Amino acid sequence: MSTDFNIISEIHNDILVMKTNGYINNIAGEIIMGEFSKNFGDRINKVVMDLEKSKVVNSIGISYLINIIEKLNQSNSKLILTNLEPTIEKTFNTMGIFQFAEKADSVDSALK
């Protein structure tokens, strides 16, 4: 499996949108965390993570997402996950991720 991964970040008013592309593992998790840390601050109250181009997330990748959720919860912010593959959504449901994060069908719906 390829380890090529990239992320594009955009800020829409007070919302950070991160669009991932590739397998989310330990390397990708570090990239996501770095991008989050670089952009997250007082002016951001919501983070939207678009996983449309990420078809697989392993357990280490999930641990990075949980770390982001914890940091957002400390500042009364929230994470919204969008465009989830059915297997990823099922895994997140099984792990209870959606007790602490939200999901949306698209980035546009998450921005509303």
# chains A, B, ... in the order shown; residues from 1 in each chain; ligands from 1

$ residues_around --residues "Phe40 (chain A)" --least-positions-apart "2" --cutoff "12 Å" --atoms "only C-alpha atoms" --output "MDAnalysis selection string"
chainID A and resid 9:11 14:18 32:38 42:48 68 71:72 75 77:79

$ select_by_dssp --residues "chain A" --states "strand (DSSP E)" --output "JSON, numbers by chain"
{"A": [5, 6, 7, 8, 9, 10, 11, 12, 15, 16, 17, 18, 19, 20, 21, 22, 46, 47, 48, 49, 50, 51, 52, 53, 78, 79, 80, 81, 82, 102, 103, 104]}

$ residues_around --residues "Phe92 (chain A)" --least-positions-apart "2" --cutoff "12 Å" --atoms "only C-alpha atoms" --output "list of chain:residue names"
A:Val56, A:Val57, A:Asn58, A:Ser59, A:Gly61, A:Ile62, A:Ser63, A:Leu65, A:Ile66, A:Leu81, A:Leu84, A:Glu85, A:Pro86, A:Thr87, A:Ile88, A:Glu89, A:Lys90, A:Thr94, A:Met95, A:Gly96, A:Ile97, A:Phe98, A:Gln99, A:Phe100, A:Ala101, A:Glu102, A:Lys103

$ write_last_selection --atoms "C-alpha atoms" --output "PDB file, in the first residue's frame"
ATOM      1  CA  VAL A  56      -8.147   3.580   4.581  1.00  0.00           C
ATOM      2  CA  VAL A  57      -7.434   4.754   8.133  1.00  0.00           C
ATOM      3  CA  ASN A  58      -5.416   2.463  10.387  1.00  0.00           C
ATOM      4  CA  SER A  59      -5.436   2.400  14.200  1.00  0.00           C
ATOM      5  CA  GLY A  61      -4.167   7.218  12.132  1.00  0.00           C
ATOM      6  CA  ILE A  62      -7.288   7.035  14.280  1.00  0.00           C
ATOM      7  CA  SER A  63      -5.215   7.803  17.385  1.00  0.00           C
ATOM      8  CA  LEU A  65      -7.782  11.949  15.041  1.00  0.00           C
ATOM      9  CA  ILE A  66      -8.652  11.222  18.680  1.00  0.00           C
ATOM     10  CA  LEU A  81     -15.785  14.289   9.425  1.00  0.00           C
ATOM     11  CA  LEU A  84     -16.551   8.861   4.726  1.00  0.00           C
ATOM     12  CA  GLU A  85     -16.060   5.514   3.019  1.00  0.00           C
ATOM     13  CA  PRO A  86     -18.610   3.028   4.421  1.00  0.00           C
ATOM     14  CA  THR A  87     -15.875   0.888   6.017  1.00  0.00           C
ATOM     15  CA  ILE A  88     -14.278   3.919   7.683  1.00  0.00           C
ATOM     16  CA  GLU A  89     -17.661   5.124   8.920  1.00  0.00           C
ATOM     17  CA  LYS A  90     -18.414   1.683  10.344  1.00  0.00           C
ATOM     18  CA  THR A  94     -17.670   0.864  16.367  1.00  0.00           C
ATOM     19  CA  MET A  95     -14.948   2.857  18.134  1.00  0.00           C
ATOM     20  CA  GLY A  96     -17.413   5.477  19.389  1.00  0.00           C
ATOM     21  CA  ILE A  97     -15.752   8.352  17.511  1.00  0.00           C
ATOM     22  CA  PHE A  98     -19.132   9.914  16.757  1.00  0.00           C
ATOM     23  CA  GLN A  99     -19.818  10.385  20.452  1.00  0.00           C
ATOM     24  CA  PHE A 100     -17.164  13.113  20.333  1.00  0.00           C
ATOM     25  CA  ALA A 101     -17.109  14.177  16.681  1.00  0.00           C
ATOM     26  CA  GLU A 102     -19.821  14.743  14.101  1.00  0.00           C
ATOM     27  CA  LYS A 103     -20.218  13.549  10.554  1.00  0.00           C
TER      28      LYS A 103
END

$ closest_residue --among "A:Asp108, A:Asp4, A:Glu70, A:Asp50" --to "Gly22 (chain A)" --atoms "only C-alpha atoms"
A:Asp4

$ atom_distance --atom1 "CA of Ala28 (chain A)" --atom2 "CA of Gly41 (chain A)"
21.4 Å

$ select_by_dssp --residues "chain A" --states "alpha helix (DSSP H)" --output "PyMOL selection string"
chain A and resi 26-39+59-74+86-95+107-111

$ atom_distance --atom1 "CA of Asn6 (chain A)" --atom2 "CA of Thr91 (chain A)"
22.2 Å

$ atom_distance --atom1 "CA of Ser109 (chain A)" --atom2 "CA of Ser54 (chain A)"
19.0 Å

$ closest_residue --among "A:Asn83, A:Asn67, A:Ile60, A:Asn73" --to "Thr20 (chain A)" --atoms "only C-alpha atoms"
A:Asn83

$ closest_residue --among "A:Tyr64, A:Phe5, A:Asn76, A:Met49" --to "Glu30 (chain A)" --atoms "only C-alpha atoms"
A:Tyr64

$ closest_residue --among "A:Asn39, A:Ile7, A:Ile69, A:Lys55" --to "Tyr23 (chain A)" --atoms "only C-alpha atoms"
A:Lys55

$ decode --residues "region 54-67 of chain A" --atoms "all heavy atoms" --output "PDB file, in the first residue's frame"
ATOM      1  N   SER A  54      -9.377   9.593   1.067  1.00  0.00           N
ATOM      2  CA  SER A  54      -8.676   8.673   1.960  1.00  0.00           C
ATOM      3  C   SER A  54      -9.588   7.462   2.166  1.00  0.00           C
ATOM      4  O   SER A  54     -10.636   7.570   2.784  1.00  0.00           O
ATOM      5  CB  SER A  54      -8.370   9.346   3.301  1.00  0.00           C
ATOM      6  OG  SER A  54      -7.400  10.351   3.129  1.00  0.00           O
ATOM      7  N   LYS A  55      -9.162   6.348   1.626  1.00  0.00           N
ATOM      8  CA  LYS A  55     -10.005   5.151   1.630  1.00  0.00           C
ATOM      9  C   LYS A  55      -9.708   4.224   2.809  1.00  0.00           C
ATOM     10  O   LYS A  55     -10.475   3.326   3.102  1.00  0.00           O
ATOM     11  CB  LYS A  55      -9.849   4.371   0.319  1.00  0.00           C
ATOM     12  CG  LYS A  55     -10.111   5.212  -0.924  1.00  0.00           C
ATOM     13  CD  LYS A  55     -11.501   5.788  -0.942  1.00  0.00           C
ATOM     14  CE  LYS A  55     -11.730   6.615  -2.202  1.00  0.00           C
ATOM     15  NZ  LYS A  55     -12.895   7.445  -2.128  1.00  0.00           N
ATOM     16  N   VAL A  56      -8.549   4.434   3.473  1.00  0.00           N
ATOM     17  CA  VAL A  56      -8.147   3.580   4.581  1.00  0.00           C
ATOM     18  C   VAL A  56      -7.576   4.440   5.699  1.00  0.00           C
ATOM     19  O   VAL A  56      -6.801   5.360   5.452  1.00  0.00           O
ATOM     20  CB  VAL A  56      -7.087   2.539   4.145  1.00  0.00           C
ATOM     21  CG1 VAL A  56      -6.659   1.666   5.313  1.00  0.00           C
ATOM     22  CG2 VAL A  56      -7.587   1.689   2.991  1.00  0.00           C
ATOM     23  N   VAL A  57      -7.994   4.122   6.929  1.00  0.00           N
ATOM     24  CA  VAL A  57      -7.434   4.754   8.133  1.00  0.00           C
ATOM     25  C   VAL A  57      -7.062   3.616   9.078  1.00  0.00           C
ATOM     26  O   VAL A  57      -7.920   2.823   9.457  1.00  0.00           O
ATOM     27  CB  VAL A  57      -8.457   5.687   8.822  1.00  0.00           C
ATOM     28  CG1 VAL A  57      -7.843   6.316  10.060  1.00  0.00           C
ATOM     29  CG2 VAL A  57      -8.978   6.740   7.868  1.00  0.00           C
ATOM     30  N   ASN A  58      -5.788   3.527   9.458  1.00  0.00           N
ATOM     31  CA  ASN A  58      -5.416   2.463  10.387  1.00  0.00           C
ATOM     32  C   ASN A  58      -5.538   2.955  11.835  1.00  0.00           C
ATOM     33  O   ASN A  58      -5.886   4.113  12.087  1.00  0.00           O
ATOM     34  CB  ASN A  58      -4.035   1.881  10.070  1.00  0.00           C
ATOM     35  CG  ASN A  58      -2.868   2.779  10.425  1.00  0.00           C
ATOM     36  OD1 ASN A  58      -3.011   3.813  11.076  1.00  0.00           O
ATOM     37  ND2 ASN A  58      -1.678   2.381   9.984  1.00  0.00           N
ATOM     38  N   SER A  59      -5.237   2.070  12.781  1.00  0.00           N
ATOM     39  CA  SER A  59      -5.436   2.400  14.200  1.00  0.00           C
ATOM     40  C   SER A  59      -4.556   3.562  14.661  1.00  0.00           C
ATOM     41  O   SER A  59      -4.988   4.383  15.470  1.00  0.00           O
ATOM     42  CB  SER A  59      -5.196   1.173  15.075  1.00  0.00           C
ATOM     43  OG  SER A  59      -3.887   0.679  14.878  1.00  0.00           O
ATOM     44  N   ILE A  60      -3.350   3.654  14.136  1.00  0.00           N
ATOM     45  CA  ILE A  60      -2.479   4.768  14.525  1.00  0.00           C
ATOM     46  C   ILE A  60      -3.029   6.073  13.954  1.00  0.00           C
ATOM     47  O   ILE A  60      -3.028   7.107  14.627  1.00  0.00           O
ATOM     48  CB  ILE A  60      -1.024   4.519  14.081  1.00  0.00           C
ATOM     49  CG1 ILE A  60      -0.476   3.283  14.796  1.00  0.00           C
ATOM     50  CG2 ILE A  60      -0.152   5.728  14.359  1.00  0.00           C
ATOM     51  CD1 ILE A  60       0.865   2.812  14.306  1.00  0.00           C
ATOM     52  N   GLY A  61      -3.528   6.034  12.714  1.00  0.00           N
ATOM     53  CA  GLY A  61      -4.167   7.218  12.132  1.00  0.00           C
ATOM     54  C   GLY A  61      -5.354   7.666  12.960  1.00  0.00           C
ATOM     55  O   GLY A  61      -5.546   8.865  13.203  1.00  0.00           O
ATOM     56  N   ILE A  62      -6.140   6.707  13.432  1.00  0.00           N
ATOM     57  CA  ILE A  62      -7.288   7.035  14.280  1.00  0.00           C
ATOM     58  C   ILE A  62      -6.827   7.676  15.586  1.00  0.00           C
ATOM     59  O   ILE A  62      -7.461   8.612  16.077  1.00  0.00           O
ATOM     60  CB  ILE A  62      -8.140   5.778  14.543  1.00  0.00           C
ATOM     61  CG1 ILE A  62      -8.845   5.342  13.245  1.00  0.00           C
ATOM     62  CG2 ILE A  62      -9.165   6.026  15.647  1.00  0.00           C
ATOM     63  CD1 ILE A  62      -9.543   4.002  13.320  1.00  0.00           C
ATOM     64  N   SER A  63      -5.703   7.219  16.120  1.00  0.00           N
ATOM     65  CA  SER A  63      -5.215   7.803  17.385  1.00  0.00           C
ATOM     66  C   SER A  63      -4.887   9.290  17.208  1.00  0.00           C
ATOM     67  O   SER A  63      -5.106  10.086  18.129  1.00  0.00           O
ATOM     68  CB  SER A  63      -4.002   7.031  17.915  1.00  0.00           C
ATOM     69  OG  SER A  63      -2.856   7.272  17.124  1.00  0.00           O
ATOM     70  N   TYR A  64      -4.388   9.673  16.039  1.00  0.00           N
ATOM     71  CA  TYR A  64      -4.140  11.097  15.774  1.00  0.00           C
ATOM     72  C   TYR A  64      -5.447  11.875  15.703  1.00  0.00           C
ATOM     73  O   TYR A  64      -5.535  12.999  16.197  1.00  0.00           O
ATOM     74  CB  TYR A  64      -3.328  11.283  14.490  1.00  0.00           C
ATOM     75  CG  TYR A  64      -1.859  11.024  14.671  1.00  0.00           C
ATOM     76  CD1 TYR A  64      -1.300   9.782  14.371  1.00  0.00           C
ATOM     77  CD2 TYR A  64      -1.015  12.013  15.157  1.00  0.00           C
ATOM     78  CE1 TYR A  64       0.052   9.544  14.541  1.00  0.00           C
ATOM     79  CE2 TYR A  64       0.339  11.791  15.328  1.00  0.00           C
ATOM     80  CZ  TYR A  64       0.863  10.552  15.021  1.00  0.00           C
ATOM     81  OH  TYR A  64       2.208  10.327  15.202  1.00  0.00           O
ATOM     82  N   LEU A  65      -6.475  11.283  15.099  1.00  0.00           N
ATOM     83  CA  LEU A  65      -7.782  11.949  15.041  1.00  0.00           C
ATOM     84  C   LEU A  65      -8.355  12.127  16.443  1.00  0.00           C
ATOM     85  O   LEU A  65      -8.938  13.162  16.758  1.00  0.00           O
ATOM     86  CB  LEU A  65      -8.750  11.161  14.157  1.00  0.00           C
ATOM     87  CG  LEU A  65      -8.366  11.027  12.688  1.00  0.00           C
ATOM     88  CD1 LEU A  65      -9.413  10.223  11.945  1.00  0.00           C
ATOM     89  CD2 LEU A  65      -8.155  12.380  12.039  1.00  0.00           C
ATOM     90  N   ILE A  66      -8.180  11.124  17.291  1.00  0.00           N
ATOM     91  CA  ILE A  66      -8.652  11.222  18.680  1.00  0.00           C
ATOM     92  C   ILE A  66      -7.906  12.347  19.408  1.00  0.00           C
ATOM     93  O   ILE A  66      -8.506  13.098  20.177  1.00  0.00           O
ATOM     94  CB  ILE A  66      -8.495   9.870  19.401  1.00  0.00           C
ATOM     95  CG1 ILE A  66      -9.496   8.865  18.818  1.00  0.00           C
ATOM     96  CG2 ILE A  66      -8.691  10.025  20.912  1.00  0.00           C
ATOM     97  CD1 ILE A  66      -9.300   7.433  19.280  1.00  0.00           C
ATOM     98  N   ASN A  67      -6.622  12.478  19.139  1.00  0.00           N
ATOM     99  CA  ASN A  67      -5.842  13.560  19.739  1.00  0.00           C
ATOM    100  C   ASN A  67      -6.406  14.921  19.335  1.00  0.00           C
ATOM    101  O   ASN A  67      -6.541  15.836  20.162  1.00  0.00           O
ATOM    102  CB  ASN A  67      -4.378  13.416  19.309  1.00  0.00           C
ATOM    103  CG  ASN A  67      -3.438  14.281  20.096  1.00  0.00           C
ATOM    104  OD1 ASN A  67      -3.840  15.143  20.865  1.00  0.00           O
ATOM    105  ND2 ASN A  67      -2.156  14.068  19.883  1.00  0.00           N
TER     106      ASN A  67
END
